[in-house]
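Here's the structure we're looking at; comments come further down.
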Amino acid sequence: MPSLKSILVAVVAASATLSRVDGRPSSPFQKSSALARRSESSVATCADPVAVTTTAPYKNVWTDLSKEESDGVIGFLFASALGFNLTAYENATLSDNYIHSIDLLRPSKADALAYYSGSSATPPTRYAKVIINHFGLKDPVFKMYKVGPVPVTNKTTITPLTEIYKADPTRSINCGPWDDPLSTAQDVVVAKVMTSIADITEDLLGYSYYGADDERSTLSYETTAPLGRDGKDRYGWSFFLVPGQAYTIMPVGLQVAFDFAGNDPNKFSFKVLWYNGQTWTSLDAFRSDWKNGKIVRGAKVSNDTAWTSTGKQGGPTPSLDSKKGPVGVSPSGARYSVDTTNRFVSWNDWTFYIATDGPRGVALFNIEYSGERIVYEIGLQEAIAQYAGNNPAQLSTVYLDSYYGFGRLLFQLVEGYDVPYGATFLESWTNYDGKTYIHPNSIAIFEMDTARPISRHLDGWYGNYNKVASTKDPVLVVRSIATIGNYDYIIDYMFHFDGTIEYQISASGYLQASYYTDAEADKGFRIHDVLHGSMHDHVMHIKVDLDVAGDTANSLEKIDIVQMDANIPESWFPSSRRVGTTPNTMGIKRSYIPTESALSWPDNGQGMFIASNKNKKNKWGEPRGYRIAANGVTQTITSKSQWLTNGAKWAKMDLAVTVRKDSEPYSSDEFNQESNNKPLVNFEDFFDGESVDGADIVAWVTLGMHHVPNTQDIPNTLAHTAHTSLILTPFNYFDFEQTRRSDQIIEIDSVEGVINQTEWSPLPTCFVNLTSYEVTDPYTGFEEYHNVLVKGPHKG
């Protein structure tokens with residue numbers, strides 16, 4: 001990247017003169033000489049934005065297993081005494097036994113809190129969750145194990161992992177992972193079938209496929225998911241595309257169904273072929289119709305991919321866009337501190353710990369405000385992408401993205417573009433296919449000026465203005481971006497000074513589009529020559545384990561906003577002002593959710609849910625609480641999807657509340673996608689009728705968006721339109737609004753000028769030196785990992 005010269009950041013612009021040049025009436029606040037632009041002759045360099053180093057009060061007990069810990073577990077598993085007869089992943093075939101993944105089995109909440117409260121001097125013992133593919137068995141299965149203590153010692157043991165499942169989690173190979181051994185075996189039958197019809201595809205499409213490693217191939221392919229349902233079969237459609245960066249928006253109109261069941265590739269078989277809206281169950285019949293000219297030909301897809309480029313294209317740059325864009329600056333240096341070893345962060349009154357795992361990505365733990373815990377855990381559980389179409393591939397596609405792994409697919413963030421210059425970076429790591437993959441700079445922490453006031457008021461009335469007061473709203477952000485196939489999920493945790501937490505998720509990247517035919521008209525829009533933007537849903541599930549006011553005894557209050565009659569004396573208003581016998585007004589009705597329940601957001605926003613602590617009240621006698629609110633709420637539309645069945649029952653619930661249990665840590669499992677008839681975790685099983693009034697409760701929140709692609713999604717979906725969020729905000733939690741304690745306040749009197757400016761006095765004038773920021777390869781280690789993914793079903 002070209003070096004950016006030092007630029008003068010107009011921090012002093014906030015105090016620019018208010019003289020008008022547009023002929024409008026002047027403001028009374030122009031009298032303030034304190035608001036004149038400063039012109040100091042000495043200009044220094046702004047303070048270094050690097051985060052202040054701190055030391056966490058306790059170790060991070062939730063952080064994933066280190067490379068050393070995982071390597072120790074791998075060595076333990078390969079020990080001959082265990083009798084697993086494991087094969088190293090790089091040498092494994094579909095009929096071998098090999099390690100799928102290793103993740104931390106997170107400690108019980110009671111053990112963690114005992115350590116963090118000081119009642120236990122030592123952190124909880126660490127255990128690993130290990131998934132092993134026993135595909136060398138006569139009846140091949142994969143199994144979950146608990147290994148520990150970790151680091152491995154002579155006391156380490158291995159046992160079946162059952163405590164986080166309602167039933168035995170052992171599943172058939174047909175419900176298993178999509179990895180190199182499977183995709184390699186799959187490609188044998190795909191290449192065999194496609195080679196046999198290569199002359200036909202060259203004629204109809206202008207392309208052909210001979211195999212992943214055959215230089216003659218001018219096509220690539222993806223395979224739909226789910227393939228499995230209950231372990232009895234593994235059936236899916238491979239849809240063919242023009243290879244390249246944007247191949248998921250380059251479908252050629254050919255789809256072929258295969259049965260990939262079992263561990264013997266010789267038994268994989270062709271089932272159905274679909275081309276341009278026509279179907280054949282026999283390759284011989286397909287060839288016969290081709291020879292006899294009975295096939296209705298579709299338009300060929302050009303190999304010109306310039307329009308798919310993510311680089312600059314589309315005409316001249318607007319005149320001022322060539323100037324360097326605005327950047328944020330912290331003139332006094334970073335205002336947050338980080339313990340990078342323990343992934344502990346402190347900002348103003350907030351403190352929390354960061355953790356990751358392979359399936360779900362980044363989660364936060366032990367979130368405290370002013371030393372009082374508010375949230376024990378918050379994090380993504382699952383993300384669905386369910387497609388619509390009148391072609392078999394799109395119709396049968398329902399991705400549950402934990403199967404591919406949010407934590408496994410975090411990559412390096414681009415400073416100055418993905419995140420602001422000067423952000424603090426953490427690396428992430430995950431153990432998959434017997435290796436630990438380390439992704440540097442894949443988690444970013446930064447403070448951001450929202451460029452809007454969190455509170456503001458102009459005191460006065462119709463020209464008699466006396467004073468203006470405004471308070472800034474800087475936020476601390478923890479950001480990661482998981483690239484799951486064609487889609488990039490931008491996930492933010494945002495903290496406000498007033499005690500509000502926001503969880504935001506946005507989608508960008510390439511569509512998984514389909515070949516355009518007239519039959520697709522009711523499933524979306526034509527968005528290029530022969531390209532159809534298949535509509536689909538993005539539905540996410542978020543776990544929020546609230547401990548309001550530092551206490552695990554919480555309740556969920558529902559406040560309904562209702563219409564009601566006002567019972568008032570007749571003397572208040574003359575009869576001419578009355579409508580009916582009694583005036584109509586509105587009010588609230590308060591109630592507590594008694595037992596574990598699935599809940600709906602009230603229509604028209606006429607209500608709210610508050611996680612409250614009845615035992616701890618504010619100065620005014622009201623229970624201290626946190627409101628749970630969502631923006632962009634989306635449930636799945638299809639209530640009878642044969643590809644989802646029992647695998648994501650939560651997706652039909654706006655909000656659910658259950659009693660927290662260590663045996664119910666997640667609302668989904670990474671293999672629910674491939675075993676949805678009998679999922680490893682069925683969220684409906686969480687509802688036991690237990691009381692949630694004064695209990696340790698978890699709120700499970702469904703977020704999402706209906707995505708109807710249009711030309712604005714070409715080449716990439718725009719993140720600001722594909723966006724959803726969850727907000728946790730204080731509700732009678734404090735005795736007064738907390739930003740009054742902030743130094744980010746200014747008050748200006750119409751006569752005296754600035755009477756209260758606590759942020760900077762005087763405002764600093766300084767340069768921001770950007771020359772030290774270099775954009776490095778954001779996909780460090782990607783090529784090696786990429787080989788695992790490209791042959792499997794890409795995601796969106």
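Lettering and numbering for the structure tokens are positional, with chains as A, B, ... in the shown order, residues counted from 1 in each chain, and ligands counted from 1 in the shown order.
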
Taking 5 positions as the minimum chain separation for residues in the same chain, which residues sit within 12 Å of A:Val73 when counting only C-alpha atoms? Answer as a PyMOL selection string. chain A and resi 65-68+78-79+99+101-104+126-131+145-153+156-158+431+434-436

Convert the current residue selection to file output with N, CA, C and O atoms, as a tab-separated table (two decimals), in the first residue's frame.
chain	number	residue	atom	x	y	z
A	65	LEU	N	-8.12	-23.76	23.88
A	65	LEU	CA	-6.89	-24.50	24.12
A	65	LEU	C	-5.75	-23.93	23.28
A	65	LEU	O	-5.91	-23.66	22.09
A	66	SER	N	-4.62	-23.75	23.91
A	66	SER	CA	-3.45	-23.25	23.19
A	66	SER	C	-2.90	-24.34	22.27
A	66	SER	O	-3.29	-25.52	22.34
A	67	LYS	N	-1.98	-23.95	21.40
A	67	LYS	CA	-1.35	-24.92	20.51
A	67	LYS	C	-0.65	-26.01	21.32
A	67	LYS	O	-0.73	-27.20	20.99
A	68	GLU	N	0.00	-25.61	22.39
A	68	GLU	CA	0.72	-26.58	23.22
A	68	GLU	C	-0.26	-27.55	23.88
A	68	GLU	O	0.00	-28.77	23.94
A	78	PHE	N	-2.97	-40.33	20.05
A	78	PHE	CA	-2.25	-41.24	19.17
A	78	PHE	C	-1.54	-42.36	19.94
A	78	PHE	O	-0.98	-43.27	19.32
A	79	ALA	N	-1.56	-42.28	21.26
A	79	ALA	CA	-0.92	-43.32	22.06
A	79	ALA	C	-1.58	-44.67	21.75
A	79	ALA	O	-2.80	-44.80	21.73
A	99	ILE	N	-8.70	-37.53	13.63
A	99	ILE	CA	-9.23	-36.47	14.51
A	99	ILE	C	-9.92	-35.42	13.66
A	99	ILE	O	-9.35	-34.92	12.68
A	101	SER	N	-11.66	-32.48	15.31
A	101	SER	CA	-11.43	-31.17	15.94
A	101	SER	C	-11.19	-31.33	17.43
A	101	SER	O	-11.58	-32.34	18.04
A	102	ILE	N	-10.56	-30.31	17.98
A	102	ILE	CA	-10.32	-30.23	19.42
A	102	ILE	C	-10.66	-28.82	19.87
A	102	ILE	O	-10.14	-27.84	19.33
A	103	ASP	N	-11.56	-28.69	20.84
A	103	ASP	CA	-11.93	-27.40	21.40
A	103	ASP	C	-11.94	-27.50	22.92
A	103	ASP	O	-12.00	-28.60	23.49
A	104	LEU	N	-11.91	-26.35	23.56
A	104	LEU	CA	-12.05	-26.31	25.01
A	104	LEU	C	-13.46	-26.71	25.40
A	104	LEU	O	-14.44	-26.23	24.83
A	126	ARG	N	-9.01	-27.63	33.24
A	126	ARG	CA	-9.35	-27.51	31.82
A	126	ARG	C	-9.50	-28.91	31.20
A	126	ARG	O	-8.73	-29.82	31.47
A	127	TYR	N	-10.53	-29.00	30.33
A	127	TYR	CA	-10.80	-30.24	29.60
A	127	TYR	C	-10.99	-29.91	28.13
A	127	TYR	O	-11.42	-28.81	27.77
A	128	ALA	N	-10.69	-30.88	27.29
A	128	ALA	CA	-10.86	-30.73	25.85
A	128	ALA	C	-12.08	-31.51	25.37
A	128	ALA	O	-12.35	-32.62	25.86
A	129	LYS	N	-12.81	-30.93	24.43
A	129	LYS	CA	-13.84	-31.65	23.69
A	129	LYS	C	-13.21	-32.11	22.39
A	129	LYS	O	-12.76	-31.30	21.58
A	130	VAL	N	-13.17	-33.41	22.18
A	130	VAL	CA	-12.50	-33.98	21.01
A	130	VAL	C	-13.53	-34.74	20.18
A	130	VAL	O	-14.33	-35.50	20.72
A	131	ILE	N	-13.50	-34.52	18.87
A	131	ILE	CA	-14.36	-35.26	17.94
A	131	ILE	C	-13.45	-36.13	17.08
A	131	ILE	O	-12.53	-35.63	16.43
A	145	TYR	N	-15.62	-36.91	22.69
A	145	TYR	CA	-14.90	-37.36	23.88
A	145	TYR	C	-14.53	-36.17	24.77
A	145	TYR	O	-14.38	-35.04	24.29
A	146	LYS	N	-14.36	-36.47	26.03
A	146	LYS	CA	-13.86	-35.51	27.02
A	146	LYS	C	-12.47	-35.97	27.43
A	146	LYS	O	-12.29	-37.10	27.89
A	147	VAL	N	-11.49	-35.08	27.25
A	147	VAL	CA	-10.11	-35.41	27.58
A	147	VAL	C	-9.60	-34.41	28.60
A	147	VAL	O	-9.71	-33.19	28.39
A	148	GLY	N	-9.01	-34.89	29.67
A	148	GLY	CA	-8.47	-33.98	30.67
A	148	GLY	C	-7.97	-34.71	31.90
A	148	GLY	O	-8.16	-35.92	32.03
A	149	PRO	N	-7.33	-34.02	32.79
A	149	PRO	CA	-7.03	-32.58	32.72
A	149	PRO	C	-6.06	-32.25	31.59
A	149	PRO	O	-5.28	-33.07	31.15
A	150	VAL	N	-6.16	-31.00	31.15
A	150	VAL	CA	-5.28	-30.43	30.14
A	150	VAL	C	-4.59	-29.22	30.78
A	150	VAL	O	-5.28	-28.43	31.44
A	151	PRO	N	-3.27	-29.04	30.62
A	151	PRO	CA	-2.32	-29.80	29.82
A	151	PRO	C	-2.23	-31.27	30.26
A	151	PRO	O	-2.50	-31.62	31.40
A	152	VAL	N	-1.88	-32.09	29.28
A	152	VAL	CA	-1.85	-33.54	29.51
A	152	VAL	C	-0.79	-33.89	30.55
A	152	VAL	O	0.35	-33.40	30.51
A	153	THR	N	-1.19	-34.73	31.49
A	153	THR	CA	-0.28	-35.29	32.50
A	153	THR	C	-0.57	-36.79	32.60
A	153	THR	O	-1.40	-37.32	31.85
A	156	THR	N	-4.28	-37.57	33.02
A	156	THR	CA	-5.25	-37.29	31.95
A	156	THR	C	-5.95	-38.57	31.52
A	156	THR	O	-5.31	-39.61	31.33
A	157	THR	N	-7.26	-38.48	31.35
A	157	THR	CA	-8.06	-39.62	30.91
A	157	THR	C	-8.96	-39.19	29.75
A	157	THR	O	-9.12	-38.00	29.47
A	158	ILE	N	-9.57	-40.17	29.10
A	158	ILE	CA	-10.52	-39.91	28.03
A	158	ILE	C	-11.80	-40.69	28.31
A	158	ILE	O	-11.75	-41.88	28.64
A	431	ASN	N	-8.13	-25.66	16.59
A	431	ASN	CA	-7.53	-26.93	16.21
A	431	ASN	C	-8.54	-27.73	15.40
A	431	ASN	O	-9.63	-28.05	15.88
A	434	GLY	N	-6.53	-32.10	13.15
A	434	GLY	CA	-5.26	-32.49	13.76
A	434	GLY	C	-4.18	-31.44	13.75
A	434	GLY	O	-3.02	-31.73	14.06
A	435	LYS	N	-4.52	-30.18	13.42
A	435	LYS	CA	-3.54	-29.10	13.40
A	435	LYS	C	-4.11	-27.88	14.12
A	435	LYS	O	-5.33	-27.66	14.14
A	436	THR	N	-3.23	-27.08	14.67
A	436	THR	CA	-3.64	-25.81	15.25
A	436	THR	C	-3.36	-24.71	14.23
A	436	THR	O	-2.21	-24.53	13.79

Do you know which residues are at most 8 Å from A:Tyr275 counting only C-alpha atoms, after dropping those on the same chain fewer than 5 positions away, and could you put them as an mmCIF file with all heavy atoms, in the first residue's frame?
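Result file follows (out-v1.cif):
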data_model
loop_
_atom_site.group_PDB
_atom_site.id
_atom_site.type_symbol
_atom_site.label_atom_id
_atom_site.label_comp_id
_atom_site.auth_asym_id
_atom_site.auth_seq_id
_atom_site.Cartn_x
_atom_site.Cartn_y
_atom_site.Cartn_z
ATOM 1 N N GLY A 253 -26.013 -23.351 -15.010
ATOM 2 C CA GLY A 253 -27.317 -23.946 -15.277
ATOM 3 C C GLY A 253 -27.328 -25.454 -15.307
ATOM 4 O O GLY A 253 -28.297 -26.062 -15.779
ATOM 5 N N LEU A 254 -26.270 -26.103 -14.783
ATOM 6 C CA LEU A 254 -26.191 -27.564 -14.726
ATOM 7 C C LEU A 254 -26.040 -27.993 -13.275
ATOM 8 O O LEU A 254 -25.162 -27.497 -12.562
ATOM 9 C CB LEU A 254 -25.002 -28.075 -15.546
ATOM 10 C CG LEU A 254 -24.772 -29.596 -15.498
ATOM 11 C CD1 LEU A 254 -25.882 -30.331 -16.237
ATOM 12 C CD2 LEU A 254 -23.406 -29.951 -16.086
ATOM 13 N N GLN A 255 -26.900 -28.936 -12.853
ATOM 14 C CA GLN A 255 -26.854 -29.471 -11.493
ATOM 15 C C GLN A 255 -27.017 -30.984 -11.567
ATOM 16 O O GLN A 255 -27.826 -31.488 -12.351
ATOM 17 C CB GLN A 255 -27.957 -28.862 -10.627
ATOM 18 C CG GLN A 255 -27.916 -27.342 -10.570
ATOM 19 C CD GLN A 255 -29.089 -26.749 -9.815
ATOM 20 O OE1 GLN A 255 -29.888 -27.458 -9.186
ATOM 21 N NE2 GLN A 255 -29.217 -25.421 -9.882
#

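Taking atom CA of A:Ile637 and atom CA of A:Ala383 as endpoints, the distance between them is 14.9 Å.
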
Find the spatial neighbours of stretch 698-700 of chain A, counting only C-alpha atoms, within a cut-off of 8 Å - ignore same-chain residues fewer than 3 positions away - and output them as a tab-separated table (two decimals) with all heavy atoms, in the first residue's frame.
chain	number	residue	atom	x	y	z
A	541	HIS	N	-28.80	-16.99	16.09
A	541	HIS	CA	-29.24	-17.21	17.46
A	541	HIS	C	-28.14	-16.78	18.42
A	541	HIS	O	-26.98	-17.18	18.26
A	541	HIS	CB	-29.59	-18.68	17.70
A	541	HIS	CG	-30.63	-18.89	18.74
A	541	HIS	ND1	-30.63	-19.94	19.63
A	541	HIS	CD2	-31.74	-18.15	19.04
A	541	HIS	CE1	-31.69	-19.86	20.41
A	541	HIS	NE2	-32.37	-18.79	20.07
A	542	ILE	N	-28.51	-15.96	19.40
A	542	ILE	CA	-27.55	-15.37	20.34
A	542	ILE	C	-27.90	-15.81	21.76
A	542	ILE	O	-29.06	-15.75	22.17
A	542	ILE	CB	-27.58	-13.82	20.27
A	542	ILE	CG1	-27.64	-13.33	18.82
A	542	ILE	CG2	-26.39	-13.24	21.02
A	542	ILE	CD1	-26.49	-13.78	17.96
A	543	LYS	N	-26.90	-16.23	22.48
A	543	LYS	CA	-27.07	-16.58	23.90
A	543	LYS	C	-26.67	-15.40	24.76
A	543	LYS	O	-25.60	-14.82	24.57
A	543	LYS	CB	-26.19	-17.79	24.26
A	543	LYS	CG	-26.28	-18.19	25.73
A	543	LYS	CD	-25.36	-19.37	26.04
A	543	LYS	CE	-25.48	-19.81	27.49
A	543	LYS	NZ	-24.59	-20.97	27.80
A	544	VAL	N	-27.56	-15.04	25.70
A	544	VAL	CA	-27.26	-13.96	26.64
A	544	VAL	C	-27.54	-14.48	28.04
A	544	VAL	O	-28.69	-14.61	28.46
A	544	VAL	CB	-28.11	-12.71	26.37
A	544	VAL	CG1	-27.65	-11.56	27.27
A	544	VAL	CG2	-28.05	-12.29	24.91
A	545	ASP	N	-26.48	-14.80	28.76
A	545	ASP	CA	-26.60	-15.26	30.15
A	545	ASP	C	-26.43	-14.04	31.05
A	545	ASP	O	-25.32	-13.61	31.35
A	545	ASP	CB	-25.53	-16.31	30.44
A	545	ASP	CG	-25.62	-16.87	31.86
A	545	ASP	OD1	-26.44	-16.36	32.66
A	545	ASP	OD2	-24.87	-17.81	32.16
A	546	LEU	N	-27.56	-13.46	31.44
A	546	LEU	CA	-27.56	-12.23	32.23
A	546	LEU	C	-27.47	-12.53	33.72
A	546	LEU	O	-28.17	-13.41	34.24
A	546	LEU	CB	-28.82	-11.43	31.94
A	546	LEU	CG	-28.84	-10.66	30.62
A	546	LEU	CD1	-30.25	-10.54	30.08
A	546	LEU	CD2	-28.24	-9.28	30.82
A	655	LEU	N	-37.73	-14.81	21.00
A	655	LEU	CA	-37.00	-14.74	22.27
A	655	LEU	C	-37.41	-15.94	23.10
A	655	LEU	O	-38.58	-16.32	23.11
A	655	LEU	CB	-37.34	-13.44	23.00
A	655	LEU	CG	-36.83	-13.26	24.44
A	655	LEU	CD1	-35.31	-13.16	24.47
A	655	LEU	CD2	-37.47	-12.02	25.09
A	656	ALA	N	-36.46	-16.53	23.77
A	656	ALA	CA	-36.77	-17.63	24.67
A	656	ALA	C	-36.04	-17.40	25.98
A	656	ALA	O	-34.97	-16.78	26.01
A	656	ALA	CB	-36.38	-18.98	24.06
A	657	VAL	N	-36.61	-17.91	27.06
A	657	VAL	CA	-35.96	-17.82	28.36
A	657	VAL	C	-35.98	-19.20	28.99
A	657	VAL	O	-37.01	-19.88	29.00
A	657	VAL	CB	-36.63	-16.78	29.28
A	657	VAL	CG1	-38.10	-17.08	29.50
A	657	VAL	CG2	-35.89	-16.66	30.61
A	658	THR	N	-34.81	-19.64	29.45
A	658	THR	CA	-34.70	-20.93	30.11
A	658	THR	C	-33.83	-20.79	31.34
A	658	THR	O	-33.10	-19.80	31.51
A	658	THR	CB	-34.06	-21.99	29.18
A	658	THR	OG1	-32.70	-21.61	28.89
A	658	THR	CG2	-34.85	-22.14	27.88
A	659	VAL	N	-33.90	-21.79	32.20
A	659	VAL	CA	-33.00	-21.86	33.35
A	659	VAL	C	-31.62	-22.28	32.84
A	659	VAL	O	-31.51	-23.22	32.03
A	659	VAL	CB	-33.51	-22.86	34.40
A	659	VAL	CG1	-32.48	-23.05	35.51
A	659	VAL	CG2	-34.84	-22.40	34.96
A	660	ARG	N	-30.60	-21.57	33.28
A	660	ARG	CA	-29.25	-21.90	32.81
A	660	ARG	C	-28.78	-23.21	33.41
A	660	ARG	O	-28.90	-23.44	34.61
A	660	ARG	CB	-28.27	-20.79	33.20
A	660	ARG	CG	-26.93	-20.99	32.53
A	660	ARG	CD	-25.78	-20.36	33.26
A	660	ARG	NE	-24.54	-20.61	32.54
A	660	ARG	CZ	-23.84	-21.73	32.62
A	660	ARG	NH1	-24.23	-22.70	33.43
A	660	ARG	NH2	-22.72	-21.88	31.92

Non-local contacts of stretch 398-402 of chain A (8 Å; only C-alpha atoms; under 2 positions in same chain excluded) as a PDB file with N, CA and C atoms, in the first residue's frame:
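Output (out30.pdb):
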ATOM      1  N   ALA A 225     -26.084 -28.340   0.944  1.00  0.00           N
ATOM      2  CA  ALA A 225     -26.170 -28.862   2.295  1.00  0.00           C
ATOM      3  C   ALA A 225     -27.568 -28.515   2.824  1.00  0.00           C
ATOM      4  N   PRO A 226     -28.098 -29.353   3.701  1.00  0.00           N
ATOM      5  CA  PRO A 226     -27.480 -30.563   4.256  1.00  0.00           C
ATOM      6  C   PRO A 226     -27.502 -31.741   3.299  1.00  0.00           C
ATOM      7  N   PRO A 359     -16.591 -23.750  16.394  1.00  0.00           N
ATOM      8  CA  PRO A 359     -17.891 -23.625  15.735  1.00  0.00           C
ATOM      9  C   PRO A 359     -18.504 -22.237  15.806  1.00  0.00           C
ATOM     10  N   ARG A 360     -18.358 -21.526  16.930  1.00  0.00           N
ATOM     11  CA  ARG A 360     -19.159 -20.330  17.170  1.00  0.00           C
ATOM     12  C   ARG A 360     -18.389 -19.015  17.129  1.00  0.00           C
ATOM     13  N   GLN A 381     -24.626 -18.507  18.680  1.00  0.00           N
ATOM     14  CA  GLN A 381     -24.823 -19.941  18.788  1.00  0.00           C
ATOM     15  C   GLN A 381     -24.895 -20.616  17.420  1.00  0.00           C
ATOM     16  N   GLU A 382     -25.620 -19.976  16.516  1.00  0.00           N
ATOM     17  CA  GLU A 382     -25.838 -20.573  15.207  1.00  0.00           C
ATOM     18  C   GLU A 382     -26.257 -19.496  14.218  1.00  0.00           C
ATOM     19  N   ALA A 383     -26.038 -19.759  12.944  1.00  0.00           N
ATOM     20  CA  ALA A 383     -26.479 -18.862  11.875  1.00  0.00           C
ATOM     21  C   ALA A 383     -26.978 -19.707  10.717  1.00  0.00           C
ATOM     22  N   ILE A 384     -28.232 -19.476  10.337  1.00  0.00           N
ATOM     23  CA  ILE A 384     -28.851 -20.201   9.233  1.00  0.00           C
ATOM     24  C   ILE A 384     -28.813 -19.334   7.985  1.00  0.00           C
ATOM     25  N   ALA A 385     -28.543 -19.960   6.852  1.00  0.00           N
ATOM     26  CA  ALA A 385     -28.787 -19.332   5.553  1.00  0.00           C
ATOM     27  C   ALA A 385     -29.650 -20.311   4.773  1.00  0.00           C
ATOM     28  N   GLN A 386     -30.928 -19.980   4.624  1.00  0.00           N
ATOM     29  CA  GLN A 386     -31.882 -20.867   3.955  1.00  0.00           C
ATOM     30  C   GLN A 386     -32.331 -20.233   2.647  1.00  0.00           C
ATOM     31  N   TYR A 387     -32.178 -20.980   1.564  1.00  0.00           N
ATOM     32  CA  TYR A 387     -32.396 -20.442   0.224  1.00  0.00           C
ATOM     33  C   TYR A 387     -33.738 -20.877  -0.352  1.00  0.00           C
ATOM     34  N   SER A 396     -32.952 -26.891  -1.945  1.00  0.00           N
ATOM     35  CA  SER A 396     -32.554 -27.833  -0.893  1.00  0.00           C
ATOM     36  C   SER A 396     -31.397 -27.333  -0.048  1.00  0.00           C
ATOM     37  N   TYR A 404     -19.402 -25.222   9.613  1.00  0.00           N
ATOM     38  CA  TYR A 404     -18.169 -24.800   8.937  1.00  0.00           C
ATOM     39  C   TYR A 404     -17.233 -24.091   9.900  1.00  0.00           C
ATOM     40  N   GLY A 405     -17.800 -23.407  10.896  1.00  0.00           N
ATOM     41  CA  GLY A 405     -16.981 -22.898  11.978  1.00  0.00           C
ATOM     42  C   GLY A 405     -16.654 -21.430  11.906  1.00  0.00           C
ATOM     43  N   PHE A 406     -17.374 -20.609  12.685  1.00  0.00           N
ATOM     44  CA  PHE A 406     -17.052 -19.181  12.753  1.00  0.00           C
ATOM     45  C   PHE A 406     -15.656 -18.969  13.310  1.00  0.00           C
ATOM     46  N   ILE A 484     -17.164 -17.320   5.773  1.00  0.00           N
ATOM     47  CA  ILE A 484     -17.690 -18.675   5.640  1.00  0.00           C
ATOM     48  C   ILE A 484     -18.102 -18.861   4.189  1.00  0.00           C
ATOM     49  N   TRP A 643     -35.665 -29.785   5.036  1.00  0.00           N
ATOM     50  CA  TRP A 643     -34.215 -29.756   5.182  1.00  0.00           C
ATOM     51  C   TRP A 643     -33.779 -29.152   6.516  1.00  0.00           C
ATOM     52  N   LEU A 644     -34.729 -28.694   7.308  1.00  0.00           N
ATOM     53  CA  LEU A 644     -34.407 -28.105   8.606  1.00  0.00           C
ATOM     54  C   LEU A 644     -34.993 -28.930   9.752  1.00  0.00           C
ATOM     55  N   ASP A 669     -25.776 -27.543  17.756  1.00  0.00           N
ATOM     56  CA  ASP A 669     -24.498 -28.245  17.666  1.00  0.00           C
ATOM     57  C   ASP A 669     -24.000 -28.150  16.233  1.00  0.00           C
ATOM     58  N   GLU A 670     -22.692 -28.184  16.055  1.00  0.00           N
ATOM     59  CA  GLU A 670     -22.157 -28.017  14.715  1.00  0.00           C
ATOM     60  C   GLU A 670     -22.609 -29.107  13.753  1.00  0.00           C
ATOM     61  N   ASN A 672     -25.735 -30.395  13.821  1.00  0.00           N
ATOM     62  CA  ASN A 672     -27.185 -30.343  13.616  1.00  0.00           C
ATOM     63  C   ASN A 672     -27.535 -30.229  12.132  1.00  0.00           C
ATOM     64  N   GLN A 673     -26.665 -29.563  11.364  1.00  0.00           N
ATOM     65  CA  GLN A 673     -26.950 -29.404   9.940  1.00  0.00           C
ATOM     66  C   GLN A 673     -27.135 -30.750   9.256  1.00  0.00           C
ATOM     67  N   LYS A 795     -20.421 -21.719   1.343  1.00  0.00           N
ATOM     68  CA  LYS A 795     -21.451 -21.260   2.232  1.00  0.00           C
ATOM     69  C   LYS A 795     -21.933 -19.891   1.861  1.00  0.00           C
ATOM     70  N   GLY A 796     -23.152 -19.564   2.268  1.00  0.00           N
ATOM     71  CA  GLY A 796     -23.651 -18.227   2.071  1.00  0.00           C
ATOM     72  C   GLY A 796     -24.863 -17.943   2.854  1.00  0.00           C
TER      73      GLY A 796
END

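With distances restricted to only C-alpha atoms, A:Tyr165 is the closest residue to A:Asp685 from A:Tyr165, A:Tyr487, A:Asn342, A:Thr471.
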
In terms of the shortest atom-to-atom distance over only C-alpha atoms, which of A:Thr739, A:Ser442, A:Ser332, A:Thr430 is closest to A:Arg479? A:Ser442

Within 10 Å of A:Ala355, counting only C-alpha atoms, which residues show up once you throw out same-chain ones fewer than 3 positions away? Write them as number ranges by chain, please. A: 60-64, 342-344, 361-365, 379, 407, 428

Write a file of the just-selected residues containing C-alpha atoms, as a PDB file, in the first residue's frame.
ATOM      1  CA  ASN A  60      -9.136 -16.256  31.426  1.00  0.00           C
ATOM      2  CA  VAL A  61     -10.724 -19.657  32.099  1.00  0.00           C
ATOM      3  CA  TRP A  62     -12.740 -19.577  28.846  1.00  0.00           C
ATOM      4  CA  THR A  63      -9.941 -19.013  26.323  1.00  0.00           C
ATOM      5  CA  ASP A  64      -9.533 -21.823  23.813  1.00  0.00           C
ATOM      6  CA  ASN A 342      -5.607 -13.249  29.143  1.00  0.00           C
ATOM      7  CA  ARG A 343      -7.688 -11.391  26.536  1.00  0.00           C
ATOM      8  CA  PHE A 344      -8.968  -9.063  29.216  1.00  0.00           C
ATOM      9  CA  GLY A 361     -16.339 -17.802  17.021  1.00  0.00           C
ATOM     10  CA  VAL A 362     -15.915 -14.911  19.452  1.00  0.00           C
ATOM     11  CA  ALA A 363     -17.823 -14.754  22.740  1.00  0.00           C
ATOM     12  CA  LEU A 364     -17.453 -12.458  25.746  1.00  0.00           C
ATOM     13  CA  PHE A 365     -17.504 -13.522  29.388  1.00  0.00           C
ATOM     14  CA  GLY A 379     -22.145 -15.046  21.977  1.00  0.00           C
ATOM     15  CA  GLY A 407     -13.945 -19.581  14.884  1.00  0.00           C
ATOM     16  CA  SER A 428      -7.196 -16.377  17.267  1.00  0.00           C
TER      17      SER A 428
END
